[in-house]
Amino acid sequence: MKKKLGLFLSTAILALGIVGCGGGATPTPETPAPGGDTTTEAPTEVKTMRAGIGLNDQHPQYKGLVKFKELVEEQTNGAIIVETYHSGQLGDDRTMTEALQLGSQEITIPSTAVIANFIPEFSVFDIPFLFPNEEVADAVLGGEVGEELLSRLADQRLVGLGYWENGFRDLTNSRHPVATVDDFKGLKIRTMENQLHLEAFRALGANPTPMAFTELFAAMQQGTVDGQENPYATIYLQKFYEVQQYVSDTHHIYSPWVFLVSKSFFDGLTPEHQEIVTNAAYEAGAYQRNMNRETAAEYLANLQAEGMTFTEVSPEARQEMVDTVAPVIEKFADQIGRDVVDAVFQAVAEAQQ
Ligand code: TK8
């Protein structure tokens with residue numbers, strides 16, 4: 001626990017080194033013996049981990065995955081090969097998580113919002129306006145509560161190796177600027193497949209539709225939905241500015257991802273390889289989180305440069321949003337589990353002291 005926490009909080013240390021690193025271009029599955037110690041025997045058995053994500057190869061999530069690949073292949077001297085697949089090539093967050101349960105895929109990094117369909121307690125991290133900033137999110141996700149929830153994944157034949165950062169979600173749409181609760185009225189908004197998100201947007205007056213990320217761009221292009229919500233990095237790198245006109249800094253949910261491994265695959269590894277895979281997931285997670293934070297501001301500027309109209313939400317208007325969704329949070333607290341909700345609220349409060 002202490003070691004993982006150390007790794008989780010090593011964001012600051014890593015920050016110093018990040019400027020020089022960059023992920024590679026679209027990788028193809030490689031066969032080792034990879035760099036590092038060439039004198040070492042080639043492994044007698046090579047295991048392959050198929051790692052799929054929904055975002056494209058320009059996104060910090062993919063750069064983090066490439067970092068994970070490099071660490072694992074290096075430290076296992078090629079005994080474990082990581083094949084990386086981006087842009088939903090292997091499916092969406094839900095179908096890839098199911099593939100891990102079946103053992104037909106080894107790694108994916110889905111949103112907690114989708115994992116909540118497998119373990120409802122994970123919806124606690126999708127409570128709107130829960131985290132006031134990244135630092136508090138780090139403390140809670142990297143703390144007792146965050147790790148305890150990860151341990152519950154075993155019941156679903158999954159292993160959770162830490163949280164990666166999607167980030168604060170902001171609303172975009174193609175109809176009009178959104179500055180207040182009133183502006184949500186009637187907007188057809190795509191949400192992730194999560195009941196709490198759906199009901200929160202319904203409470204704001206929007207007309208929400210749950211949809212897999214892999215279907216989102218086409219749905220916006222065809223006008224099936226008017227808008228969606230994601231962090232600036234995703235809005236820019238997935239080129240949503242081609243099909244969306246307006247962006248508002250609603251910052252309504254801090255969205256974590258979970259680094260998931262198929263339990264049947266993980267249990268089949270030697271303790272030494274389990275340790276290497278675990279440490280690599282936490283180290284690459286810190287690397288990804290830093291990259292996310294170092295580049296966030298740049299993405300909003302890029303969106304405006306691409307012609308999107310930016311609307312700043314005033315503190316009063318955001319408070320109106322908080323008050324509007326509060327009854328929904330109250331309703332879901334029982335579904336999520338009062339003990340979990342209370343523990344997380346307490347951890348959030350402590351992290352701000
Ligand atoms: C990508 C998703 C995405 C999420 C969403 O697979 O679905 O909007 O924010 O990042 O996990």
# chains A, B, ... in the order shown; residues from 1 in each chain; ligands from 1

call {"tool": "select_by_dssp", "arguments": {"residues": "region 64-266 of chain A", "states": "alpha helix (DSSP H)", "output": "PyMOL selection string"}}
result
chain A and resi 64-75+93-102+112-115+134-141+144-151+195-203+216-221+232-237+263-266

call {"tool": "residues_near_ligand", "arguments": {"ligand": "ligand 1", "cutoff": "6 Å", "atoms": "only C-alpha atoms and all ligand atoms", "output": "list in words"}}
result
Ile53, Gly54, Leu55, Asp92, Asp93, Pro110, Ser111, Met192, Phe213 and Asn230 of chain A

call {"tool": "select_by_dssp", "arguments": {"residues": "region 66-129 of chain A", "states": "strand (DSSP E)", "output": "MDAnalysis selection string"}}
result
chainID A and resid 80:85 107:108

call {"tool": "write_last_selection", "arguments": {"atoms": "N, CA, C and O atoms", "output": "compact mmCIF listing (two decimals), in the first residue's frame"}}
result
# COMPACT_ATOMS: atom_id res chain seq x y z
N ILE A 80 7.34 -10.81 -21.40
CA ILE A 80 5.96 -10.33 -21.61
C ILE A 80 6.02 -9.25 -22.69
O ILE A 80 6.81 -8.31 -22.60
N ILE A 81 5.20 -9.45 -23.72
CA ILE A 81 5.09 -8.48 -24.81
C ILE A 81 3.74 -7.79 -24.70
O ILE A 81 2.73 -8.44 -24.42
N VAL A 82 3.72 -6.48 -24.86
CA VAL A 82 2.47 -5.73 -24.79
C VAL A 82 2.11 -5.23 -26.19
O VAL A 82 2.87 -4.47 -26.78
N GLU A 83 0.99 -5.72 -26.72
CA GLU A 83 0.51 -5.22 -28.01
C GLU A 83 -0.49 -4.11 -27.72
O GLU A 83 -1.42 -4.32 -26.93
N THR A 84 -0.32 -2.94 -28.31
CA THR A 84 -1.20 -1.81 -27.99
C THR A 84 -2.15 -1.52 -29.16
O THR A 84 -1.74 -1.50 -30.32
N TYR A 85 -3.44 -1.32 -28.83
CA TYR A 85 -4.48 -1.03 -29.82
C TYR A 85 -5.25 0.21 -29.39
O TYR A 85 -5.84 0.22 -28.31
N ILE A 107 -5.68 -6.24 -21.17
CA ILE A 107 -5.62 -4.90 -20.56
C ILE A 107 -6.60 -3.95 -21.24
O ILE A 107 -6.76 -3.97 -22.47
N THR A 108 -7.27 -3.12 -20.43
CA THR A 108 -7.97 -1.94 -20.94
C THR A 108 -8.00 -0.90 -19.84
O THR A 108 -7.68 -1.21 -18.68

call {"tool": "closest_atom_pairs", "arguments": {"of": "region 59-109 of chain A", "to": "region 142-160 of chain A", "cutoff": "12 Å", "atoms": "only C-alpha atoms", "output": "tab-separated table"}}
result
residue	atom	partner	partner_atom	distance
A:Met96	CA	A:Leu158	CA	11.6
A:Thr97	CA	A:Leu158	CA	8.4
A:Glu98	CA	A:Gln156	CA	9.5
A:Ala99	CA	A:Leu158	CA	10.4
A:Leu100	CA	A:Leu158	CA	7.0
A:Gln101	CA	A:Arg157	CA	5.3
A:Leu102	CA	A:Arg157	CA	8.4
A:Gly103	CA	A:Arg157	CA	9.0
A:Gln105	CA	A:Leu158	CA	11.3
A:Glu106	CA	A:Leu158	CA	9.6
A:Ile107	CA	A:Val159	CA	9.5
A:Thr108	CA	A:Gly160	CA	10.2
A:Ile109	CA	A:Gly160	CA	9.5

call {"tool": "write_last_selection", "arguments": {"atoms": "C-alpha atoms", "output": "short mmCIF file (atom, residue, chain, number, x, y, z; two decimals), in the first residue's frame"}}
result
data_model
loop_
_atom_site.label_atom_id
_atom_site.label_comp_id
_atom_site.auth_asym_id
_atom_site.auth_seq_id
_atom_site.Cartn_x
_atom_site.Cartn_y
_atom_site.Cartn_z
CA MET A 96 -13.29 -4.50 -23.64
CA THR A 97 -13.90 -4.88 -19.90
CA GLU A 98 -16.12 -7.89 -20.67
CA ALA A 99 -13.33 -9.29 -22.88
CA LEU A 100 -10.96 -9.08 -19.91
CA GLN A 101 -13.46 -11.03 -17.79
CA LEU A 102 -13.58 -13.71 -20.49
CA GLY A 103 -9.81 -13.71 -20.86
CA GLN A 105 -8.02 -9.58 -23.90
CA GLU A 106 -5.56 -8.69 -21.14
CA ILE A 107 -5.62 -4.90 -20.56
CA THR A 108 -7.97 -1.94 -20.94
CA ILE A 109 -8.25 1.46 -19.21
#

call {"tool": "residues_around", "arguments": {"residues": "region 161-163 of chain A", "least_positions_apart": "3", "cutoff": "7 Å", "atoms": "only C-alpha atoms", "output": "number ranges by chain"}}
result
A: 141, 256-260, 278, 281-282, 285

call {"tool": "write_last_selection", "arguments": {"atoms": "all heavy atoms", "output": "mmCIF file, in the first residue's frame"}}
result
data_model
loop_
_atom_site.group_PDB
_atom_site.id
_atom_site.type_symbol
_atom_site.label_atom_id
_atom_site.label_comp_id
_atom_site.auth_asym_id
_atom_site.auth_seq_id
_atom_site.Cartn_x
_atom_site.Cartn_y
_atom_site.Cartn_z
ATOM 1 N N LEU A 141 -8.040 9.112 -4.544
ATOM 2 C CA LEU A 141 -7.881 7.922 -5.401
ATOM 3 C C LEU A 141 -6.638 7.128 -5.017
ATOM 4 O O LEU A 141 -6.627 5.911 -5.061
ATOM 5 C CB LEU A 141 -7.808 8.350 -6.866
ATOM 6 C CG LEU A 141 -9.068 8.969 -7.454
ATOM 7 C CD1 LEU A 141 -8.783 9.600 -8.815
ATOM 8 C CD2 LEU A 141 -10.184 7.943 -7.573
ATOM 9 N N PRO A 256 -11.941 9.667 -13.487
ATOM 10 C CA PRO A 256 -10.772 8.796 -13.465
ATOM 11 C C PRO A 256 -10.952 7.620 -14.418
ATOM 12 O O PRO A 256 -12.079 7.227 -14.732
ATOM 13 C CB PRO A 256 -10.727 8.288 -12.019
ATOM 14 C CG PRO A 256 -11.895 8.874 -11.315
ATOM 15 C CD PRO A 256 -12.874 9.352 -12.380
ATOM 16 N N TRP A 257 -9.826 7.071 -14.897
ATOM 17 C CA TRP A 257 -9.823 5.786 -15.583
ATOM 18 C C TRP A 257 -9.209 4.776 -14.612
ATOM 19 O O TRP A 257 -8.472 5.140 -13.684
ATOM 20 C CB TRP A 257 -8.924 5.830 -16.818
ATOM 21 C CG TRP A 257 -9.423 6.579 -17.998
ATOM 22 C CD1 TRP A 257 -10.646 6.452 -18.601
ATOM 23 C CD2 TRP A 257 -8.714 7.545 -18.780
ATOM 24 N NE1 TRP A 257 -10.730 7.266 -19.698
ATOM 25 C CE2 TRP A 257 -9.549 7.954 -19.832
ATOM 26 C CE3 TRP A 257 -7.440 8.101 -18.703
ATOM 27 C CZ2 TRP A 257 -9.161 8.900 -20.787
ATOM 28 C CZ3 TRP A 257 -7.054 9.039 -19.659
ATOM 29 C CH2 TRP A 257 -7.912 9.430 -20.680
ATOM 30 N N VAL A 258 -9.485 3.501 -14.825
ATOM 31 C CA VAL A 258 -8.836 2.457 -14.020
ATOM 32 C C VAL A 258 -8.024 1.565 -14.954
ATOM 33 O O VAL A 258 -8.531 1.140 -15.998
ATOM 34 C CB VAL A 258 -9.860 1.608 -13.251
ATOM 35 C CG1 VAL A 258 -9.161 0.482 -12.494
ATOM 36 C CG2 VAL A 258 -10.650 2.477 -12.275
ATOM 37 N N PHE A 259 -6.750 1.311 -14.570
ATOM 38 C CA PHE A 259 -5.906 0.405 -15.352
ATOM 39 C C PHE A 259 -6.306 -1.021 -14.973
ATOM 40 O O PHE A 259 -6.050 -1.488 -13.871
ATOM 41 C CB PHE A 259 -4.434 0.647 -15.047
ATOM 42 C CG PHE A 259 -3.489 -0.054 -15.988
ATOM 43 C CD1 PHE A 259 -2.926 0.634 -17.063
ATOM 44 C CD2 PHE A 259 -3.184 -1.396 -15.827
ATOM 45 C CE1 PHE A 259 -2.068 -0.015 -17.950
ATOM 46 C CE2 PHE A 259 -2.336 -2.053 -16.719
ATOM 47 C CZ PHE A 259 -1.779 -1.354 -17.778
ATOM 48 N N LEU A 260 -6.997 -1.698 -15.908
ATOM 49 C CA LEU A 260 -7.540 -3.032 -15.624
ATOM 50 C C LEU A 260 -6.743 -4.127 -16.317
ATOM 51 O O LEU A 260 -6.329 -3.965 -17.470
ATOM 52 C CB LEU A 260 -8.982 -3.130 -16.120
ATOM 53 C CG LEU A 260 -10.098 -2.421 -15.364
ATOM 54 C CD1 LEU A 260 -11.441 -2.734 -16.019
ATOM 55 C CD2 LEU A 260 -10.108 -2.827 -13.899
ATOM 56 N N THR A 278 2.537 -4.557 -12.103
ATOM 57 C CA THR A 278 1.880 -3.636 -11.164
ATOM 58 C C THR A 278 2.635 -2.310 -11.073
ATOM 59 O O THR A 278 2.060 -1.232 -11.244
ATOM 60 C CB THR A 278 1.790 -4.288 -9.766
ATOM 61 O OG1 THR A 278 1.037 -5.502 -9.882
ATOM 62 C CG2 THR A 278 1.112 -3.355 -8.768
ATOM 63 N N ALA A 281 2.311 -0.244 -14.219
ATOM 64 C CA ALA A 281 0.998 0.406 -14.374
ATOM 65 C C ALA A 281 0.927 1.685 -13.538
ATOM 66 O O ALA A 281 0.433 2.712 -13.999
ATOM 67 C CB ALA A 281 -0.105 -0.559 -13.960
ATOM 68 N N TYR A 282 1.488 1.649 -12.314
ATOM 69 C CA TYR A 282 1.456 2.843 -11.455
ATOM 70 C C TYR A 282 2.416 3.911 -11.980
ATOM 71 O O TYR A 282 2.079 5.102 -12.017
ATOM 72 C CB TYR A 282 1.759 2.472 -9.998
ATOM 73 C CG TYR A 282 0.549 1.950 -9.264
ATOM 74 C CD1 TYR A 282 0.212 0.601 -9.329
ATOM 75 C CD2 TYR A 282 -0.272 2.801 -8.541
ATOM 76 C CE1 TYR A 282 -0.916 0.123 -8.681
ATOM 77 C CE2 TYR A 282 -1.400 2.329 -7.881
ATOM 78 C CZ TYR A 282 -1.714 0.987 -7.956
ATOM 79 O OH TYR A 282 -2.845 0.514 -7.314
ATOM 80 N N GLY A 285 1.035 5.392 -15.067
ATOM 81 C CA GLY A 285 -0.128 6.195 -14.683
ATOM 82 C C GLY A 285 0.295 7.588 -14.225
ATOM 83 O O GLY A 285 -0.306 8.599 -14.618
#

call {"tool": "residues_around", "arguments": {"residues": "Val340 (chain A)", "least_positions_apart": "6", "cutoff": "10 Å", "atoms": "only C-alpha atoms", "output": "tab-separated table (two decimals) with N, CA and C atoms, in the first residue's frame"}}
result
chain	number	residue	atom	x	y	z
A	121	GLU	N	-20.44	0.57	-6.77
A	121	GLU	CA	-19.72	1.48	-5.87
A	121	GLU	C	-18.81	2.44	-6.63
A	122	PHE	N	-18.35	2.03	-7.82
A	122	PHE	CA	-17.43	2.89	-8.56
A	122	PHE	C	-18.10	4.18	-9.04
A	123	SER	N	-19.44	4.21	-8.99
A	123	SER	CA	-20.13	5.45	-9.37
A	123	SER	C	-19.82	6.59	-8.40
A	124	VAL	N	-19.27	6.23	-7.22
A	124	VAL	CA	-18.97	7.28	-6.24
A	124	VAL	C	-18.02	8.32	-6.84
A	145	VAL	N	-9.37	4.74	0.44
A	145	VAL	CA	-10.67	4.52	-0.21
A	145	VAL	C	-10.48	4.04	-1.66
A	148	GLU	N	-9.07	0.57	-1.75
A	148	GLU	CA	-10.04	-0.43	-1.26
A	148	GLU	C	-11.04	-0.76	-2.36
A	149	LEU	N	-11.49	0.25	-3.08
A	149	LEU	CA	-12.45	-0.01	-4.17
A	149	LEU	C	-11.81	-0.86	-5.26
A	333	ALA	N	-26.91	7.88	-3.49
A	333	ALA	CA	-26.03	7.51	-2.37
A	333	ALA	C	-26.39	6.12	-1.84
A	334	ASP	N	-27.65	5.78	-1.80
A	334	ASP	CA	-28.04	4.44	-1.33
A	334	ASP	C	-27.64	3.37	-2.33
A	346	GLN	N	-15.65	12.01	3.29
A	346	GLN	CA	-14.74	12.30	4.40
A	346	GLN	C	-13.29	12.44	3.90

call {"tool": "residues_around", "arguments": {"residues": "Arg190 (chain A)", "least_positions_apart": "5", "cutoff": "8 Å", "atoms": "only C-alpha atoms", "output": "PyMOL selection string"}}
result
chain A and resi 208-211+216+225-229

call {"tool": "write_last_selection", "arguments": {"atoms": "C-alpha atoms", "output": "PDB file, in the first residue's frame"}}
result
ATOM      1  CA  PRO A 208     -29.287  12.781 -22.242  1.00  0.00           C
ATOM      2  CA  THR A 209     -28.475   9.609 -24.223  1.00  0.00           C
ATOM      3  CA  PRO A 210     -26.052   6.921 -22.992  1.00  0.00           C
ATOM      4  CA  MET A 211     -23.622   5.871 -25.739  1.00  0.00           C
ATOM      5  CA  LEU A 216     -19.845   9.466 -30.367  1.00  0.00           C
ATOM      6  CA  VAL A 225     -26.867  14.257 -30.412  1.00  0.00           C
ATOM      7  CA  ASP A 226     -26.231  18.006 -30.001  1.00  0.00           C
ATOM      8  CA  GLY A 227     -23.395  17.659 -27.557  1.00  0.00           C
ATOM      9  CA  GLN A 228     -21.180  15.703 -25.217  1.00  0.00           C
ATOM     10  CA  GLU A 229     -18.792  16.222 -22.326  1.00  0.00           C
TER      11      GLU A 229
END

call {"tool": "atom_distance", "arguments": {"atom1": "CA of Lys67 (chain A)", "atom2": "CA of Leu269 (chain A)"}}
result
20.3 Å

call {"tool": "residues_around", "arguments": {"residues": "Leu198 (chain A)", "least_positions_apart": "2", "cutoff": "12 Å", "atoms": "only C-alpha atoms", "output": "MDAnalysis selection string"}}
result
chainID A and resid 113 126:128 188:196 200:211 228 325 328:329 332

call {"tool": "write_last_selection", "arguments": {"atoms": "C-alpha atoms", "output": "compact mmCIF listing (two decimals), in the first residue's frame"}}
result
# COMPACT_ATOMS: atom_id res chain seq x y z
CA ALA A 113 -18.43 5.51 -15.02
CA ASP A 126 -18.69 10.05 -10.87
CA ILE A 127 -20.63 12.16 -8.37
CA PRO A 128 -20.82 15.61 -10.01
CA LYS A 188 -29.50 16.23 -26.63
CA ILE A 189 -26.37 15.29 -24.70
CA ARG A 190 -24.42 12.06 -25.04
CA THR A 191 -23.30 10.67 -21.70
CA MET A 192 -21.20 7.68 -20.81
CA GLU A 193 -23.17 4.51 -20.00
CA ASN A 194 -23.82 5.51 -16.40
CA GLN A 195 -27.18 6.02 -14.67
CA LEU A 196 -25.90 8.76 -12.35
CA ALA A 200 -27.74 14.41 -13.43
CA PHE A 201 -28.10 15.76 -16.98
CA ARG A 202 -31.83 15.10 -16.89
CA ALA A 203 -32.02 17.15 -13.67
CA LEU A 204 -30.19 19.98 -15.45
CA GLY A 205 -32.93 19.94 -18.10
CA ALA A 206 -30.99 18.28 -20.88
CA ASN A 207 -32.14 15.26 -22.90
CA PRO A 208 -29.29 12.78 -22.24
CA THR A 209 -28.48 9.61 -24.22
CA PRO A 210 -26.05 6.92 -22.99
CA MET A 211 -23.62 5.87 -25.74
CA GLN A 228 -21.18 15.70 -25.22
CA VAL A 325 -27.96 17.94 -9.18
CA VAL A 328 -29.79 13.16 -7.71
CA ILE A 329 -26.64 12.58 -5.67
CA PHE A 332 -27.81 7.56 -5.71

call {"tool": "residues_around", "arguments": {"residues": "region 237-243 of chain A", "least_positions_apart": "4", "cutoff": "9 Å", "atoms": "only C-alpha atoms", "output": "PyMOL selection string"}}
result
chain A and resi 55-56+58-59+172-174+217+220-221+223+232-233+299+303-304+306-308
